[in-house]
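Student: Handing you this structure, nothing more for now.
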Amino acid sequence: MYLGGDHTVNHRVRLHDSAAQYSVYGGLFASVRGEGAAVKDLTVNVSFITIASNSGCSCGAIAGELAGGTISGCTVNYYGNANISGTPNGNLGGVVGAAYPDWNAETRSFVTAELSGCSVTLDEASLLG
């Protein structure tokens, strides 16, 4: 569990894979996975996004993948440029790239992924211009 304590992180989202055979995840955290996995009360300022991929990828400011965990009370501010190259086959999201339930083999049940109370602000002039 990562408790942000209302702190702010400034970073660039970079995802490069030259010949990955499996899915690649990019974000502040590559993956938030499993019951009890959580990121809470964090602000992330993203100044640049670059994705160079020829395989499956999922990219988000906080996590590339949310599988059965929780992301809540977070804020994302995009104010930079985006550069996507190659032939990526995947997902790009503001907070998280891809979200889905995770299988818990011990209990033989799915753990629901939860995204709640988050917001995304996009500076269209700098990101798209």
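Each chain in the structure tokens gets a letter, A, B, ..., in the order shown, and its residues are numbered from 1; ligands are numbered from 1 in order too.
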Please provide the set of residues having any atom within 6 Å of Glu65 of chain A, restricted to only C-alpha atoms, with same-chain residues fewer than 2 positions apart removed, written as number ranges by chain.

Tutor: A: 31, 63, 97-99

Student: Taking the DSSP assignment computed from this structure's backbone, write out as a PDB file with C-alpha atoms, in the first residue's frame all residues of chain A that belong to strand (DSSP E or B).

Tutor:
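Saved as out.pdb:
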ATOM      1  CA  TYR A   2       1.295   3.454  -0.894  1.00  0.00           C
ATOM      2  CA  LEU A   3      -0.232   6.289   1.103  1.00  0.00           C
ATOM      3  CA  GLY A   4       0.568   9.533  -0.678  1.00  0.00           C
ATOM      4  CA  GLY A   5      -0.215  11.717   2.324  1.00  0.00           C
ATOM      5  CA  ASP A   6      -1.392  14.437  -0.074  1.00  0.00           C
ATOM      6  CA  HIS A   7       2.140  14.769  -1.484  1.00  0.00           C
ATOM      7  CA  THR A   8       2.921  15.709  -5.087  1.00  0.00           C
ATOM      8  CA  VAL A   9       5.221  13.782  -7.430  1.00  0.00           C
ATOM      9  CA  ASN A  10       6.530  15.338 -10.658  1.00  0.00           C
ATOM     10  CA  HIS A  11       7.586  12.853 -13.300  1.00  0.00           C
ATOM     11  CA  ARG A  12       7.741  11.847 -16.931  1.00  0.00           C
ATOM     12  CA  VAL A  13       5.997   8.724 -18.162  1.00  0.00           C
ATOM     13  CA  ARG A  14       8.390   6.717 -20.332  1.00  0.00           C
ATOM     14  CA  LEU A  15       7.675   3.304 -21.782  1.00  0.00           C
ATOM     15  CA  HIS A  16      10.214   1.705 -24.122  1.00  0.00           C
ATOM     16  CA  VAL A  24       4.672  -3.951 -20.641  1.00  0.00           C
ATOM     17  CA  TYR A  25       3.257  -1.542 -18.042  1.00  0.00           C
ATOM     18  CA  GLY A  26       4.328   2.063 -17.525  1.00  0.00           C
ATOM     19  CA  PHE A  29       4.013   2.229 -10.566  1.00  0.00           C
ATOM     20  CA  ALA A  30       4.096  -0.403 -13.304  1.00  0.00           C
ATOM     21  CA  SER A  31       1.376  -2.426 -11.585  1.00  0.00           C
ATOM     22  CA  VAL A  32      -0.954  -2.143  -8.590  1.00  0.00           C
ATOM     23  CA  ARG A  33      -1.976  -5.782  -8.225  1.00  0.00           C
ATOM     24  CA  ALA A  38      -3.435   0.439  -3.013  1.00  0.00           C
ATOM     25  CA  VAL A  39      -2.314   3.950  -3.905  1.00  0.00           C
ATOM     26  CA  LYS A  40      -4.163   6.708  -2.069  1.00  0.00           C
ATOM     27  CA  ASP A  41      -4.182  10.514  -1.764  1.00  0.00           C
ATOM     28  CA  LEU A  42      -1.406  11.350  -4.226  1.00  0.00           C
ATOM     29  CA  THR A  43      -1.012  14.107  -6.827  1.00  0.00           C
ATOM     30  CA  VAL A  44       1.049  13.349  -9.928  1.00  0.00           C
ATOM     31  CA  ASN A  45       2.169  16.063 -12.346  1.00  0.00           C
ATOM     32  CA  VAL A  46       3.174  14.617 -15.723  1.00  0.00           C
ATOM     33  CA  SER A  47       5.375  16.817 -17.882  1.00  0.00           C
ATOM     34  CA  PHE A  48       6.071  14.414 -20.747  1.00  0.00           C
ATOM     35  CA  ILE A  49       4.752  11.106 -22.088  1.00  0.00           C
ATOM     36  CA  THR A  50       6.817   8.985 -24.442  1.00  0.00           C
ATOM     37  CA  ILE A  51       5.820   5.525 -25.594  1.00  0.00           C
ATOM     38  CA  ALA A  52       8.006   3.574 -28.012  1.00  0.00           C
ATOM     39  CA  SER A  53       6.494   0.136 -28.357  1.00  0.00           C
ATOM     40  CA  GLY A  56       1.167  -4.798 -25.917  1.00  0.00           C
ATOM     41  CA  CYS A  57       1.512  -1.949 -23.466  1.00  0.00           C
ATOM     42  CA  SER A  58      -0.595  -0.164 -20.885  1.00  0.00           C
ATOM     43  CA  CYS A  59       0.407   3.230 -19.610  1.00  0.00           C
ATOM     44  CA  GLY A  60      -1.103   5.620 -17.039  1.00  0.00           C
ATOM     45  CA  ALA A  63      -0.116   2.833 -12.846  1.00  0.00           C
ATOM     46  CA  GLY A  64       0.107   0.969 -16.111  1.00  0.00           C
ATOM     47  CA  GLU A  65      -2.045  -1.811 -14.672  1.00  0.00           C
ATOM     48  CA  LEU A  66      -4.628  -1.959 -11.886  1.00  0.00           C
ATOM     49  CA  ALA A  67      -5.429  -5.608 -11.247  1.00  0.00           C
ATOM     50  CA  GLY A  68      -7.552  -6.217  -8.191  1.00  0.00           C
ATOM     51  CA  THR A  70      -7.345   0.198  -5.375  1.00  0.00           C
ATOM     52  CA  ILE A  71      -6.393   3.687  -6.525  1.00  0.00           C
ATOM     53  CA  SER A  72      -8.338   6.396  -4.718  1.00  0.00           C
ATOM     54  CA  THR A  75      -5.114  13.773  -8.857  1.00  0.00           C
ATOM     55  CA  VAL A  76      -3.271  13.739 -12.171  1.00  0.00           C
ATOM     56  CA  ASN A  77      -2.221  16.886 -14.036  1.00  0.00           C
ATOM     57  CA  TYR A  78      -0.916  16.545 -17.610  1.00  0.00           C
ATOM     58  CA  TYR A  79       0.864  19.661 -18.830  1.00  0.00           C
ATOM     59  CA  GLY A  80       3.536  18.469 -21.245  1.00  0.00           C
ATOM     60  CA  ASN A  81       3.962  16.821 -24.600  1.00  0.00           C
ATOM     61  CA  ALA A  82       3.167  13.332 -25.841  1.00  0.00           C
ATOM     62  CA  ASN A  83       5.258  11.260 -28.230  1.00  0.00           C
ATOM     63  CA  ILE A  84       3.989   7.840 -29.299  1.00  0.00           C
ATOM     64  CA  SER A  85       5.988   5.811 -31.828  1.00  0.00           C
ATOM     65  CA  GLY A  86       6.133   2.268 -33.126  1.00  0.00           C
ATOM     66  CA  ASN A  89      -1.198  -2.301 -29.144  1.00  0.00           C
ATOM     67  CA  GLY A  90      -2.521  -1.376 -25.758  1.00  0.00           C
ATOM     68  CA  ASN A  91      -4.017   1.261 -23.512  1.00  0.00           C
ATOM     69  CA  LEU A  92      -3.220   4.813 -22.475  1.00  0.00           C
ATOM     70  CA  GLY A  93      -5.229   6.279 -19.589  1.00  0.00           C
ATOM     71  CA  VAL A  96      -4.335   3.953 -15.078  1.00  0.00           C
ATOM     72  CA  GLY A  97      -3.722   2.266 -18.428  1.00  0.00           C
ATOM     73  CA  ALA A  98      -5.762  -0.905 -17.882  1.00  0.00           C
ATOM     74  CA  ALA A  99      -7.975  -2.074 -15.005  1.00  0.00           C
ATOM     75  CA  TYR A 100      -9.460  -5.507 -14.419  1.00  0.00           C
ATOM     76  CA  ASP A 102      -7.281 -10.239 -10.364  1.00  0.00           C
ATOM     77  CA  TRP A 103      -7.664 -13.949  -9.644  1.00  0.00           C
ATOM     78  CA  ASN A 104      -6.937 -14.983  -6.051  1.00  0.00           C
ATOM     79  CA  SER A 109     -12.347 -15.856  -6.448  1.00  0.00           C
ATOM     80  CA  PHE A 110     -11.780 -12.593  -8.266  1.00  0.00           C
ATOM     81  CA  VAL A 111     -10.604  -9.446  -6.461  1.00  0.00           C
ATOM     82  CA  GLU A 114     -11.347  -0.136  -7.742  1.00  0.00           C
ATOM     83  CA  LEU A 115     -10.670   3.351  -9.071  1.00  0.00           C
ATOM     84  CA  SER A 116     -12.472   6.041  -7.081  1.00  0.00           C
ATOM     85  CA  SER A 119      -9.437  13.433 -11.168  1.00  0.00           C
ATOM     86  CA  VAL A 120      -7.442  14.244 -14.301  1.00  0.00           C
ATOM     87  CA  THR A 121      -6.636  17.706 -15.638  1.00  0.00           C
ATOM     88  CA  LEU A 122      -5.361  17.998 -19.195  1.00  0.00           C
TER      89      LEU A 122
END

Student: Taking the chain letters and numbering used in this document, name the residues of chain A that DSSP puts in helix (DSSP H, G or I), as a ChimeraX atom specification.

Tutor: /A:124-128

Student: Measuring atom to atom with only C-alpha atoms, identify which of A:Ser55, A:Gly73, A:Gly34, A:Met1 is nearest to Pro101 of chain A.

Tutor: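 Closest to Pro101 of chain A, using only C-alpha atoms: A:Gly34.
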
Student: What separation in Å, quoted to one decimal, exists between atom CA of Arg108 of chain A and atom CA of Ala37 of chain A?

Tutor: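 Going from atom CA of Arg108 of chain A over to atom CA of Ala37 of chain A, I get 18.0 Å.
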
Student: Please report the interatomic distance between atom CA of Cys118 of chain A and atom CA of Ile62 of chain A in Å with one decimal.

Tutor: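 Going from atom CA of Cys118 of chain A over to atom CA of Ile62 of chain A covers 10.8 Å.
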